[in-house]
Structure formats: C-alpha cells, structure tokens
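Have a look at input-v6.cif below; it lists mmCIF, C-alpha atoms.
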data_data
#
loop_
_atom_site.label_atom_id
_atom_site.label_comp_id
_atom_site.auth_asym_id
_atom_site.auth_seq_id
_atom_site.Cartn_x
_atom_site.Cartn_y
_atom_site.Cartn_z
CA MET A 1 -6.65 8.75 -24.16
CA ASN A 2 -5.23 11.98 -25.63
CA THR A 3 -1.68 12.56 -26.79
CA ALA A 4 -0.55 14.03 -23.47
CA THR A 5 -1.57 10.88 -21.64
CA LYS A 6 0.31 8.41 -23.78
CA LEU A 7 3.02 6.51 -21.96
CA SER A 8 5.67 5.08 -24.22
CA GLY A 9 7.56 1.89 -23.62
CA PHE A 10 10.70 4.01 -23.36
CA ALA A 11 9.18 6.08 -20.55
CA LEU A 12 8.15 2.94 -18.73
CA GLY A 13 11.68 1.62 -19.07
CA LEU A 14 13.02 4.81 -17.49
CA ALA A 15 10.44 4.48 -14.73
CA ALA A 16 11.66 0.98 -14.02
CA VAL A 17 15.16 2.35 -13.54
CA PHE A 18 14.21 5.36 -11.46
CA GLY A 19 11.24 3.87 -9.59
CA ALA A 20 13.41 2.07 -7.06
CA ALA A 21 15.38 5.25 -6.50
CA TYR A 22 12.20 6.92 -5.29
CA GLY A 23 11.96 4.25 -2.58
CA VAL A 24 9.12 5.35 -0.34
CA GLY A 25 8.37 8.12 -2.79
CA HIS A 26 9.15 11.79 -3.21
CA LEU A 27 7.37 13.76 -0.48
CA THR A 28 5.02 16.43 -1.81
CA GLY A 29 4.23 17.91 1.58
CA PRO A 30 4.82 17.52 5.31
CA VAL A 31 3.73 14.30 6.94
CA ALA A 32 2.45 14.50 10.48
CA PRO A 33 4.16 12.33 13.13
CA ALA A 34 2.92 8.78 13.07
CA ALA A 35 0.71 7.53 15.84
CA GLU A 36 2.21 5.03 18.23
CA THR A 37 2.70 1.75 16.43
CA ARG A 38 1.50 -1.60 17.65
CA HIS A 39 4.92 -3.24 17.36
CA ASP A 40 8.14 -2.49 19.17
CA ALA A 41 10.49 -2.60 16.19
CA THR A 42 13.61 -2.05 18.29
CA ASP A 43 13.17 -4.88 20.75
CA PRO A 44 13.71 -8.40 19.40
CA ALA A 45 11.77 -9.79 22.35
CA HIS A 46 8.69 -8.00 21.07
CA ASP A 47 9.46 -8.22 17.37
CA PRO A 48 10.37 -11.74 16.27
CA THR A 49 11.04 -10.53 12.72
CA ALA A 50 13.83 -8.19 13.76
CA ALA A 51 17.31 -9.27 12.71
CA ASP A 52 20.02 -9.01 15.39
CA HIS A 53 23.32 -7.81 13.92
CA GLY A 54 25.32 -8.57 17.06
CA ASP A 55 25.86 -4.92 17.96
CA GLY A 56 23.02 -4.69 20.44
CA HIS A 57 20.66 -3.17 17.88
CA ALA A 58 18.04 -4.94 15.82
CA GLU A 59 17.07 -4.14 12.26
CA PRO A 60 13.69 -2.36 12.44
CA SER A 61 10.74 -4.36 11.16
CA THR A 62 8.55 -2.99 8.37
CA ASP A 63 5.49 -4.85 9.64
CA HIS A 64 4.14 -1.70 11.32
CA LEU A 65 4.39 0.47 8.19
CA PRO A 66 1.28 1.33 6.19
CA GLY A 67 1.04 -0.41 2.84
CA GLY A 68 2.50 0.96 -0.37
CA LEU A 69 5.43 2.89 1.11
CA LEU A 70 8.00 0.28 0.01
CA VAL A 71 8.97 -0.97 -3.42
CA ALA A 72 10.30 -4.17 -1.83
CA ASP A 73 9.18 -6.00 1.30
CA ARG A 74 9.64 -9.49 2.76
CA GLY A 75 11.73 -10.49 -0.25
CA TYR A 76 9.15 -9.40 -2.85
CA THR A 77 9.86 -6.52 -5.26
CA LEU A 78 7.66 -4.53 -7.64
CA GLN A 79 9.47 -4.05 -10.96
CA PRO A 80 7.91 -2.01 -13.82
CA VAL A 81 9.00 -3.32 -17.23
CA SER A 82 9.06 -1.85 -20.73
CA ALA A 83 5.75 -2.07 -22.57
CA PRO A 84 4.13 -0.83 -25.78
CA THR A 85 2.53 2.60 -25.88
CA ARG A 86 -0.72 2.77 -23.90
CA GLU A 87 0.16 -0.34 -21.89
CA PHE A 88 1.41 -0.69 -18.33
CA ALA A 89 3.44 -3.76 -17.38
CA PHE A 90 5.25 -4.95 -14.27
CA ARG A 91 6.47 -8.03 -12.46
CA ILE A 92 6.63 -9.11 -8.85
CA THR A 93 9.86 -10.93 -8.09
CA GLY A 94 10.11 -13.23 -5.10
CA PRO A 95 12.80 -14.00 -2.53
CA ASP A 96 14.58 -16.16 -5.13
CA GLY A 97 14.77 -13.24 -7.56
CA ARG A 98 12.43 -14.88 -10.04
CA PRO A 99 9.04 -13.55 -11.20
CA VAL A 100 6.16 -14.79 -9.07
CA THR A 101 3.60 -16.74 -11.09
CA ARG A 102 1.29 -18.12 -8.39
CA TYR A 103 -1.14 -15.83 -6.59
CA ASP A 104 -4.18 -16.34 -4.40
CA VAL A 105 -7.50 -14.80 -5.42
CA ALA A 106 -8.53 -11.95 -3.12
CA HIS A 107 -11.85 -10.21 -3.72
CA ASP A 108 -12.34 -11.92 -7.06
CA LYS A 109 -8.93 -10.95 -8.46
CA ARG A 110 -5.31 -12.08 -8.18
CA MET A 111 -3.98 -8.54 -8.59
CA HIS A 112 -5.42 -5.14 -7.72
CA LEU A 113 -3.48 -2.26 -9.27
CA ILE A 114 -4.27 1.19 -7.88
CA VAL A 115 -2.59 4.30 -9.27
CA ALA A 116 -2.85 7.85 -7.96
CA ARG A 117 -1.21 11.11 -8.94
CA ARG A 118 0.98 12.45 -6.17
CA ASP A 119 -1.25 15.50 -5.76
CA LEU A 120 -4.17 13.01 -5.38
CA SER A 121 -6.05 14.55 -8.32
CA GLY A 122 -6.15 11.32 -10.31
CA PHE A 123 -7.11 7.80 -9.21
CA ARG A 124 -7.62 4.50 -11.04
CA HIS A 125 -8.29 0.96 -9.83
CA VAL A 126 -7.70 -1.72 -12.49
CA HIS A 127 -6.98 -5.43 -12.71
CA PRO A 128 -4.08 -6.55 -14.91
CA GLU A 129 -3.80 -9.93 -16.59
CA LEU A 130 -0.91 -12.30 -15.79
CA THR A 131 1.14 -13.72 -18.65
CA GLY A 132 3.09 -16.94 -18.54
CA ASP A 133 6.44 -15.31 -17.78
CA GLY A 134 5.12 -13.62 -14.64
CA THR A 135 4.42 -10.22 -16.24
CA TRP A 136 1.23 -8.35 -15.41
CA ARG A 137 -0.19 -6.26 -18.28
CA VAL A 138 -3.06 -3.76 -18.50
CA ALA A 139 -4.08 -0.74 -20.58
CA SER A 140 -2.17 2.14 -19.03
CA PRO A 141 -4.12 3.71 -16.15
CA LEU A 142 -1.76 6.70 -15.94
CA ALA A 143 -4.18 9.35 -17.16
CA GLY A 144 -2.13 12.49 -17.68
CA PRO A 145 1.32 14.02 -17.16
CA GLY A 146 2.84 13.98 -13.70
CA VAL A 147 4.29 11.69 -11.09
CA TRP A 148 2.03 8.78 -10.23
CA ARG A 149 2.27 6.22 -7.45
CA ALA A 150 1.43 2.67 -8.53
CA PHE A 151 0.28 0.25 -5.82
CA ALA A 152 0.31 -3.51 -6.43
CA ASP A 153 -2.09 -5.14 -3.93
CA PHE A 154 -1.71 -8.93 -4.06
CA THR A 155 -1.24 -12.20 -2.17
CA PRO A 156 1.48 -14.62 -3.30
CA SER A 157 0.30 -18.20 -2.81
CA GLY A 158 1.00 -19.30 0.74
CA VAL A 159 2.12 -15.81 1.85
CA GLU A 160 0.42 -12.97 3.72
CA PRO A 161 -1.05 -10.16 1.58
CA LEU A 162 1.34 -7.44 0.40
CA THR A 163 1.06 -3.95 -1.04
CA LEU A 164 4.12 -2.59 -2.83
CA GLY A 165 4.45 0.85 -4.40
CA VAL A 166 6.62 2.58 -6.99
CA ASP A 167 6.62 6.03 -8.59
CA MET A 168 6.05 6.41 -12.32
CA THR A 169 6.51 9.60 -14.38
CA VAL A 170 4.36 10.55 -17.36
CA PRO A 171 6.12 13.31 -19.35
CA GLY A 172 4.29 16.44 -20.40
CA PRO A 173 3.03 19.77 -19.04
CA LEU A 174 2.33 19.42 -15.33
CA VAL A 175 -0.54 21.23 -13.65
CA GLU A 176 -0.75 20.78 -9.89
CA HIS A 177 -4.24 20.56 -8.41
CA PRO A 178 -4.84 21.62 -4.80
CA LEU A 179 -6.48 19.04 -2.56
CA PRO A 180 -10.19 19.81 -2.07
CA ALA A 181 -11.19 20.85 1.43
CA PRO A 182 -12.79 18.29 3.75
CA ALA A 183 -16.47 17.70 2.98
CA THR A 184 -19.11 15.15 3.90
CA SER A 185 -20.74 14.97 0.48
CA SER A 186 -19.41 14.02 -2.94
CA THR A 187 -21.12 13.84 -6.32
CA VAL A 188 -20.15 11.53 -9.18
CA ASP A 189 -22.02 10.45 -12.32
CA GLY A 190 -25.32 11.79 -10.98
CA TYR A 191 -24.97 10.10 -7.59
CA THR A 192 -24.54 11.82 -4.24
CA VAL A 193 -22.54 10.01 -1.58
CA THR A 194 -22.64 11.22 2.03
CA LEU A 195 -19.92 10.40 4.54
CA ALA A 196 -20.64 9.90 8.25
CA GLY A 197 -18.02 9.19 10.90
CA THR A 198 -14.86 10.89 12.15
CA PRO A 199 -11.63 8.91 11.68
CA GLN A 200 -9.16 8.96 14.55
CA PRO A 201 -5.46 8.17 14.01
CA GLY A 202 -4.36 4.82 15.39
CA GLN A 203 -7.90 3.86 16.43
CA ALA A 204 -10.44 1.65 14.71
CA GLY A 205 -13.53 3.64 13.77
CA ARG A 206 -16.61 3.31 11.63
CA LEU A 207 -17.18 5.21 8.41
CA THR A 208 -20.56 4.95 6.69
CA LEU A 209 -21.11 6.09 3.12
CA THR A 210 -24.69 6.49 1.88
CA VAL A 211 -25.53 6.53 -1.82
CA THR A 212 -28.48 8.44 -3.30
CA ARG A 213 -29.54 9.43 -6.81
CA ASP A 214 -31.97 12.23 -7.58
CA GLY A 215 -32.62 12.53 -3.87
CA ARG A 216 -33.66 8.89 -3.50
CA PRO A 217 -31.74 6.20 -1.60
CA VAL A 218 -30.06 3.61 -3.82
CA THR A 219 -31.15 0.25 -2.40
CA ASP A 220 -30.05 -2.01 -5.22
CA LEU A 221 -26.27 -1.65 -5.27
CA GLN A 222 -24.59 -4.44 -7.21
CA PRO A 223 -21.70 -6.55 -5.90
CA TYR A 224 -18.31 -5.35 -7.09
CA LEU A 225 -15.34 -7.61 -6.41
CA GLY A 226 -17.40 -9.52 -3.86
CA ALA A 227 -18.64 -6.50 -1.89
CA TYR A 228 -21.03 -3.56 -2.08
CA GLY A 229 -18.13 -1.15 -1.90
CA HIS A 230 -14.36 -0.81 -1.70
CA LEU A 231 -12.62 2.02 0.13
CA VAL A 232 -9.04 3.17 -0.49
CA ALA A 233 -7.41 5.81 1.73
CA LEU A 234 -4.20 7.63 0.74
CA ARG A 235 -2.31 9.90 3.12
CA GLN A 236 -1.35 13.29 1.70
CA GLY A 237 2.42 13.62 1.41
CA ASP A 238 3.80 10.09 1.29
CA LEU A 239 0.64 8.36 -0.05
CA ALA A 240 0.53 5.70 2.65
CA TYR A 241 -2.08 3.21 1.44
CA LEU A 242 -5.07 1.59 3.13
CA HIS A 243 -7.58 -0.66 1.32
CA VAL A 244 -10.70 -1.51 3.34
CA HIS A 245 -13.64 -3.77 2.58
CA PRO A 246 -17.09 -3.21 4.04
CA GLU A 247 -18.96 -4.91 6.83
CA GLY A 248 -21.07 -7.84 5.67
CA ALA A 249 -21.22 -9.41 2.24
CA PRO A 250 -23.72 -9.66 -0.61
CA GLY A 251 -26.01 -12.66 -0.21
CA ASP A 252 -25.25 -13.26 3.47
CA GLY A 253 -28.90 -12.72 4.39
CA THR A 254 -28.27 -9.71 6.61
CA THR A 255 -26.36 -7.11 4.55
CA PRO A 256 -28.62 -4.73 2.62
CA ALA A 257 -27.70 -3.64 -0.91
CA GLY A 258 -27.52 0.01 0.09
CA PRO A 259 -28.04 2.81 0.50
CA ALA A 260 -25.48 2.68 3.34
CA VAL A 261 -22.12 0.89 3.13
CA SER A 262 -20.10 0.79 6.36
CA PHE A 263 -16.39 0.25 6.89
CA THR A 264 -14.23 -0.27 9.96
CA THR A 265 -11.09 1.76 9.31
CA GLU A 266 -7.92 2.59 11.20
CA LEU A 267 -5.91 5.43 9.71
CA PRO A 268 -2.26 5.04 10.68
CA SER A 269 -1.42 8.59 11.80
CA ILE A 270 -2.49 12.17 12.21
CA GLY A 271 -2.81 13.70 8.76
CA THR A 272 -4.96 14.57 5.79
CA TYR A 273 -6.27 11.70 3.67
CA ARG A 274 -8.09 11.28 0.40
CA LEU A 275 -10.79 8.58 0.41
CA TYR A 276 -11.97 6.81 -2.74
CA LEU A 277 -15.19 4.75 -2.60
CA ASP A 278 -15.83 2.34 -5.48
CA PHE A 279 -19.43 1.15 -5.84
CA ARG A 280 -21.39 -0.51 -8.63
CA HIS A 281 -24.88 0.39 -9.80
CA ASP A 282 -26.72 -0.01 -13.11
CA ASP A 283 -23.86 -2.19 -14.34
CA ALA A 284 -21.27 0.57 -14.01
CA VAL A 285 -18.59 1.25 -11.38
CA HIS A 286 -18.42 4.75 -9.90
CA THR A 287 -15.87 6.37 -7.59
CA ALA A 288 -16.77 8.99 -5.00
CA GLU A 289 -13.90 10.97 -3.46
CA PHE A 290 -13.53 12.72 -0.10
CA THR A 291 -10.89 14.63 1.82
CA VAL A 292 -10.81 13.82 5.55
CA VAL A 293 -8.57 14.91 8.41
CA ALA A 294 -7.54 12.47 11.13
CA GLY A 295 -6.47 14.06 14.38
CA ASP A 296 -5.71 17.67 15.25
CA VAL A 297 -4.48 18.94 11.88
CA PRO A 298 -5.62 22.25 10.34
CA PRO A 299 -7.71 21.63 7.22
CA PRO A 300 -6.34 22.62 3.80
CA ALA A 301 -6.46 26.38 3.23
CA THR A 302 -7.85 26.14 -0.31
CA PRO A 303 -11.65 26.59 -0.25
CA ALA A 304 -13.77 24.04 -2.04
CA THR A 305 -17.49 23.40 -2.20
CA THR A 306 -17.38 20.06 -3.94
CA THR A 307 -15.23 16.96 -3.94
CA ALA A 308 -16.13 15.90 -7.44
CA PRO A 309 -13.15 14.35 -9.27
CA THR A 310 -10.85 16.63 -11.22
CA PRO A 311 -11.05 16.56 -15.03
CA ASP A 312 -8.01 14.32 -15.48
CA ALA A 313 -8.99 11.84 -12.81
CA GLY A 314 -10.65 9.54 -15.32
CA HIS A 315 -14.10 9.59 -13.69
CA GLY A 316 -17.52 10.54 -14.93
CA VAL A 317 -17.34 8.54 -18.17
CA PRO A 318 -18.03 4.89 -18.92
CA GLY A 319 -15.09 2.70 -17.99
CA HIS A 320 -13.55 5.49 -15.92
CA GLY A 321 -10.85 3.39 -14.41
CA HIS A 322 -12.08 -0.04 -13.42
CA SER A 323 -11.69 -3.30 -15.25
#
What is this file in structure tokens?
Amino acid sequence: MNTATKLSGFALGLAAVFGAAYGVGHLTGPVAPAAETRHDATDPAHDPTAADHGDGHAEPSTDHLPGGLLVADRGYTLQPVSAPTREFAFRITGPDGRPVTRYDVAHDKRMHLIVARRDLSGFRHVHPELTGDGTWRVASPLAGPGVWRAFADFTPSGVEPLTLGVDMTVPGPLVEHPLPAPATSSTVDGYTVTLAGTPQPGQAGRLTLTVTRDGRPVTDLQPYLGAYGHLVALRQGDLAYLHVHPEGAPGDGTTPAGPAVSFTTELPSIGTYRLYLDFRHDDAVHTAEFTVVAGDVPPPATPATTTAPTPDAGHGVPGHGHS
C-alpha cells in the first residue's frame, strides 16, 4: 500500500465521529424512484413492526429498505473505532449498547466486510477477525483517497441477518472516476466473464455469468466461501447493497464447477448498478465488474469499451482484496 493509501488511527477516529452523521450516506448522484415495496410501512395492520405513537401515524419500518443504507437498524449499530495505521477496526453494538461477541457463521465466515468507493471505482471484500472485546480488525481495505462506504454483512446469534453501512474518508488527492458504460463482458487477471440476463427493478430475475480463459470455458472453478461465486450489487448514488449467492452448491451432485454461475437477483429499484462477481480459480480469488441498468434509465454518457477494474480498485494482483 503506498503512502496515499495509508489510513491513520486518527483518521479512523474522525470517521467514527462523522460516520454516523452521514447516515444513509452522501448522495453522489440522483437516485431513481424506488419500485413499489412489498411492505406497507404506513399501515400497522400490514406492518407488525411499525410503532404506533398514538397520533394516528405509525413509525415507518425499515424492513423494506435495501441493505447497507443505515448505520443502525433493529437496535444494532456499526461503530468504527481508532486503529493503528494500515488497520481497519469496528464494533457492532447490540440493543443493550454493548459490543456483540456472538455471531452465526454465514458462508464460512462470521463477518463479511465489503468496502466500495462512492464513485464505485474501488471494491474490496475481506473478512476481519473478532477480538475478545467485540472489536473486528483487518488490514485496511481502503485502497486510496476518497470517501468509501463500508458494509458490515453479518448475523448476530439468534437474529436475522443484517447489513449496516457507514462512510469512511481517506485523506489525500481525490480523482473521480466515471462509471463505465453498461457492457456484457468483463476481463480480469486474464479471465473473460460474460453476463447474460436483463435485471428488472422489483422483480426476481436470473443473471448468468460465464467464465473463460484464453477462449476456453473454465470448468474447474473452486469453492469460495461455500459457493462457486458471490455477487454484490451496489446502486449508483446511495450505494444500496445486495449480496447474492448462486444457485446450487459445490458437491451437491448437480451443480457444475463452471463455466456458468447463475444467480436469482431482485434489484430494488430503477437505476444504474455496479455488479461485482467474486470467483476462485487456480487458488486465487478474482473479481469481475459490470455496469447494468435496471428499468428505463438512460445509460451513462461516458463511453467505455471495457469494464476492467480501475487502477486503484485493488484488483489484478495477488491478494487483491479477499482474505
């Protein structure tokens, strides 16, 4: 990591103070109207989680929101904490205000930490280690100056899964990268990944990603976190978060180890999204990236012929962002 990417403990401390102030995050662009939700958050008869304040109006439920838009939900809060240089640390506090120390394993890990720059030019997926006081620690995945969104994807023991998000700032010269135009092919580390399927907002649909190398189908993908692939979708603007796992499972007797990996996805609204596919082959994890548009939204104006990761995204080198 070069000097510009170092994140000091002091900067992390400031982020802990200002992260909550960002709330759902600073918007970097317009967000299209959300598709009709599946919950009526204004009618207690339809939403048993709504709190009636006695004035004829119920407190809206957050159950219908995409993941990662909130720093606190259902009594749980994501709190960055001060850490040494080159380290990222945070806690999850529970409804009692104390750090949570018991988590269920989901896809081989108790915590999935995903970070993305707000212009979607950088992406990392790492797995912190839990210390005895309830602090999660990992080598800093914030690879370059800018505002990053950190997503903690976890399941407290006995509780439904949660994804909380907070903004973090890495000081230094900021260079904004335009979002690549939609494309159906992406290259990474010598692999070509082809995307088939058209996502529709508010509707479940199938996306299939096919991996080849040197023009030949890759038929010996290796399991990564209990699957042949992991797909993260982030909505341009507010970075609404969706983490999807593929159909089938390694060793189930019916799921082939490539070249195709299929996902059933439901993007929450009309908008432009960045997709990140993690897959493992030859004992290394690779990430292919795509821009897709859900619904009737004009594509980005900036021309692009490739969706290869940008130089500061942390891809294309061994250990590019997974641990």
message: Can you spell out as a ChimeraX atom specification the set of residues that the PyMOL selection byres ((chain A and resi 176) around 12) selects in the structure I just provided?
response: /A:28,117-122,144-147,173-175,177-179,310,312
task: Using the chain letters and numbers from the file, give me the residues hit by the PyMOL selection byres ((chain A and resi 271-273) around 6), as a PyMOL selection string.
output: chain A and resi 32+234-236+270+274+291-294
Would you export the selected residues with C-alpha atoms as a PDB file, keeping the file's coordinate frame, please?
ATOM      1  CA  ALA A  32       2.450  14.500  10.480  1.00  0.00           C
ATOM      2  CA  LEU A 234      -4.200   7.630   0.740  1.00  0.00           C
ATOM      3  CA  ARG A 235      -2.310   9.900   3.120  1.00  0.00           C
ATOM      4  CA  GLN A 236      -1.350  13.290   1.700  1.00  0.00           C
ATOM      5  CA  ILE A 270      -2.490  12.170  12.210  1.00  0.00           C
ATOM      6  CA  ARG A 274      -8.090  11.280   0.400  1.00  0.00           C
ATOM      7  CA  THR A 291     -10.890  14.630   1.820  1.00  0.00           C
ATOM      8  CA  VAL A 292     -10.810  13.820   5.550  1.00  0.00           C
ATOM      9  CA  VAL A 293      -8.570  14.910   8.410  1.00  0.00           C
ATOM     10  CA  ALA A 294      -7.540  12.470  11.130  1.00  0.00           C
TER      11      ALA A 294
END
Chain and number of each residue from the PyMOL selection byres ((chain A and resi 69) around 9), as a short mmCIF file (atom, residue, chain, number, x, y, z; two decimals) with C-alpha atoms, in the coordinates of the input:
data_model
loop_
_atom_site.label_atom_id
_atom_site.label_comp_id
_atom_site.auth_asym_id
_atom_site.auth_seq_id
_atom_site.Cartn_x
_atom_site.Cartn_y
_atom_site.Cartn_z
CA GLY A 23 11.96 4.25 -2.58
CA VAL A 24 9.12 5.35 -0.34
CA GLY A 25 8.37 8.12 -2.79
CA LEU A 65 4.39 0.47 8.19
CA PRO A 66 1.28 1.33 6.19
CA GLY A 67 1.04 -0.41 2.84
CA GLY A 68 2.50 0.96 -0.37
CA LEU A 70 8.00 0.28 0.01
CA VAL A 71 8.97 -0.97 -3.42
CA THR A 163 1.06 -3.95 -1.04
CA LEU A 164 4.12 -2.59 -2.83
CA GLY A 165 4.45 0.85 -4.40
CA VAL A 166 6.62 2.58 -6.99
CA ASP A 238 3.80 10.09 1.29
CA LEU A 239 0.64 8.36 -0.05
CA ALA A 240 0.53 5.70 2.65
CA TYR A 241 -2.08 3.21 1.44
#
message: Given all atoms listed in the file as the basis, pick out the residue of A:Pro156, A:Lys109, A:Leu225, A:Val244 nearest to Ala204 (chain A).
response: A:Val244
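Across the structure, CA of Val105 (chain A) and CA of Pro128 (chain A) are spaced 13.0 Å apart.
With all atoms listed in the file as the atoms that count, the residue of A:Pro223, A:Gly190, A:Pro246, A:Gly202 with the shortest distance to Ala288 (chain A) is A:Gly190.
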- line: Counting all atoms listed in the file, the residue among A:Tyr228, A:Phe263, A:Phe88, A:Phe123 that lies closest to Pro250 (chain A) is A:Tyr228
message: Using only C-alpha atoms, can you tell me which of A:Pro182, A:Pro161, A:Pro259, A:Gly132 comes closest to Phe290 (chain A)?
response: A:Pro182
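With distances taken over all atoms listed in the file, A:Leu142 is the one residue among A:Leu195, A:Val126, A:Leu142, A:Ala150 lying closest to Val170 (chain A).
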message: I'd like the neighbourhood of Leu162 (chain A) as a ChimeraX atom specification, where a residue qualifies if any of its atoms comes within 8 Å (using all atoms listed in the file), though same-chain residues fewer than 2 positions away should be ignored.
response: /A:67,152-155,160,164
- line: Using only C-alpha atoms, the best pick from A:Ala227, A:Ala143, A:Leu130, A:Ile114 as closest to Gly258 (chain A) would be A:Ala227
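Reported to one decimal place, the separation of CA of Asp278 (chain A) from CA of Tyr191 (chain A) is 12.2 Å.
Distance-wise, CA of Ala233 (chain A) and CA of Phe151 (chain A) end up 12.1 Å apart.
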Dig up all the protein and nucleic acid residues within 7 Å of (-0.6, -16.2, -4.3) in the file frame, using all atoms listed in the file, and format them as a tab-separated table (two decimals) with C-alpha atoms, in the coordinates of the input.
chain	number	residue	atom	x	y	z
A	102	ARG	CA	1.29	-18.12	-8.39
A	103	TYR	CA	-1.14	-15.83	-6.59
A	104	ASP	CA	-4.18	-16.34	-4.40
A	155	THR	CA	-1.24	-12.20	-2.17
A	156	PRO	CA	1.48	-14.62	-3.30
A	157	SER	CA	0.30	-18.20	-2.81
A	158	GLY	CA	1.00	-19.30	0.74
A	159	VAL	CA	2.12	-15.81	1.85
Padded axis-aligned box of region 235-245 of chain A (5 Å per side), centre and edge lengths, Å, one decimal, as lines of an AutoDock Vina configuration file:
center_x = -4.9
center_y = 4.9
center_z = 1.6
size_x = 27.4
size_y = 27.4
size_z = 13.4
query: Which residues, written as a PyMOL selection string, have at least one atom at most 9 Å from His127 (chain A), with all atoms listed in the file counted and residues fewer than 4 positions away on the same chain left out?
result: chain A and resi 109-114+137-138+322-323
Those residues you just picked out, can you put them in a file as an mmCIF file, keeping the file's coordinate frame with C-alpha atoms?
data_model
loop_
_atom_site.group_PDB
_atom_site.id
_atom_site.type_symbol
_atom_site.label_atom_id
_atom_site.label_comp_id
_atom_site.auth_asym_id
_atom_site.auth_seq_id
_atom_site.Cartn_x
_atom_site.Cartn_y
_atom_site.Cartn_z
ATOM 1 C CA LYS A 109 -8.930 -10.950 -8.460
ATOM 2 C CA ARG A 110 -5.310 -12.080 -8.180
ATOM 3 C CA MET A 111 -3.980 -8.540 -8.590
ATOM 4 C CA HIS A 112 -5.420 -5.140 -7.720
ATOM 5 C CA LEU A 113 -3.480 -2.260 -9.270
ATOM 6 C CA ILE A 114 -4.270 1.190 -7.880
ATOM 7 C CA ARG A 137 -0.190 -6.260 -18.280
ATOM 8 C CA VAL A 138 -3.060 -3.760 -18.500
ATOM 9 C CA HIS A 322 -12.080 -0.040 -13.420
ATOM 10 C CA SER A 323 -11.690 -3.300 -15.250
#
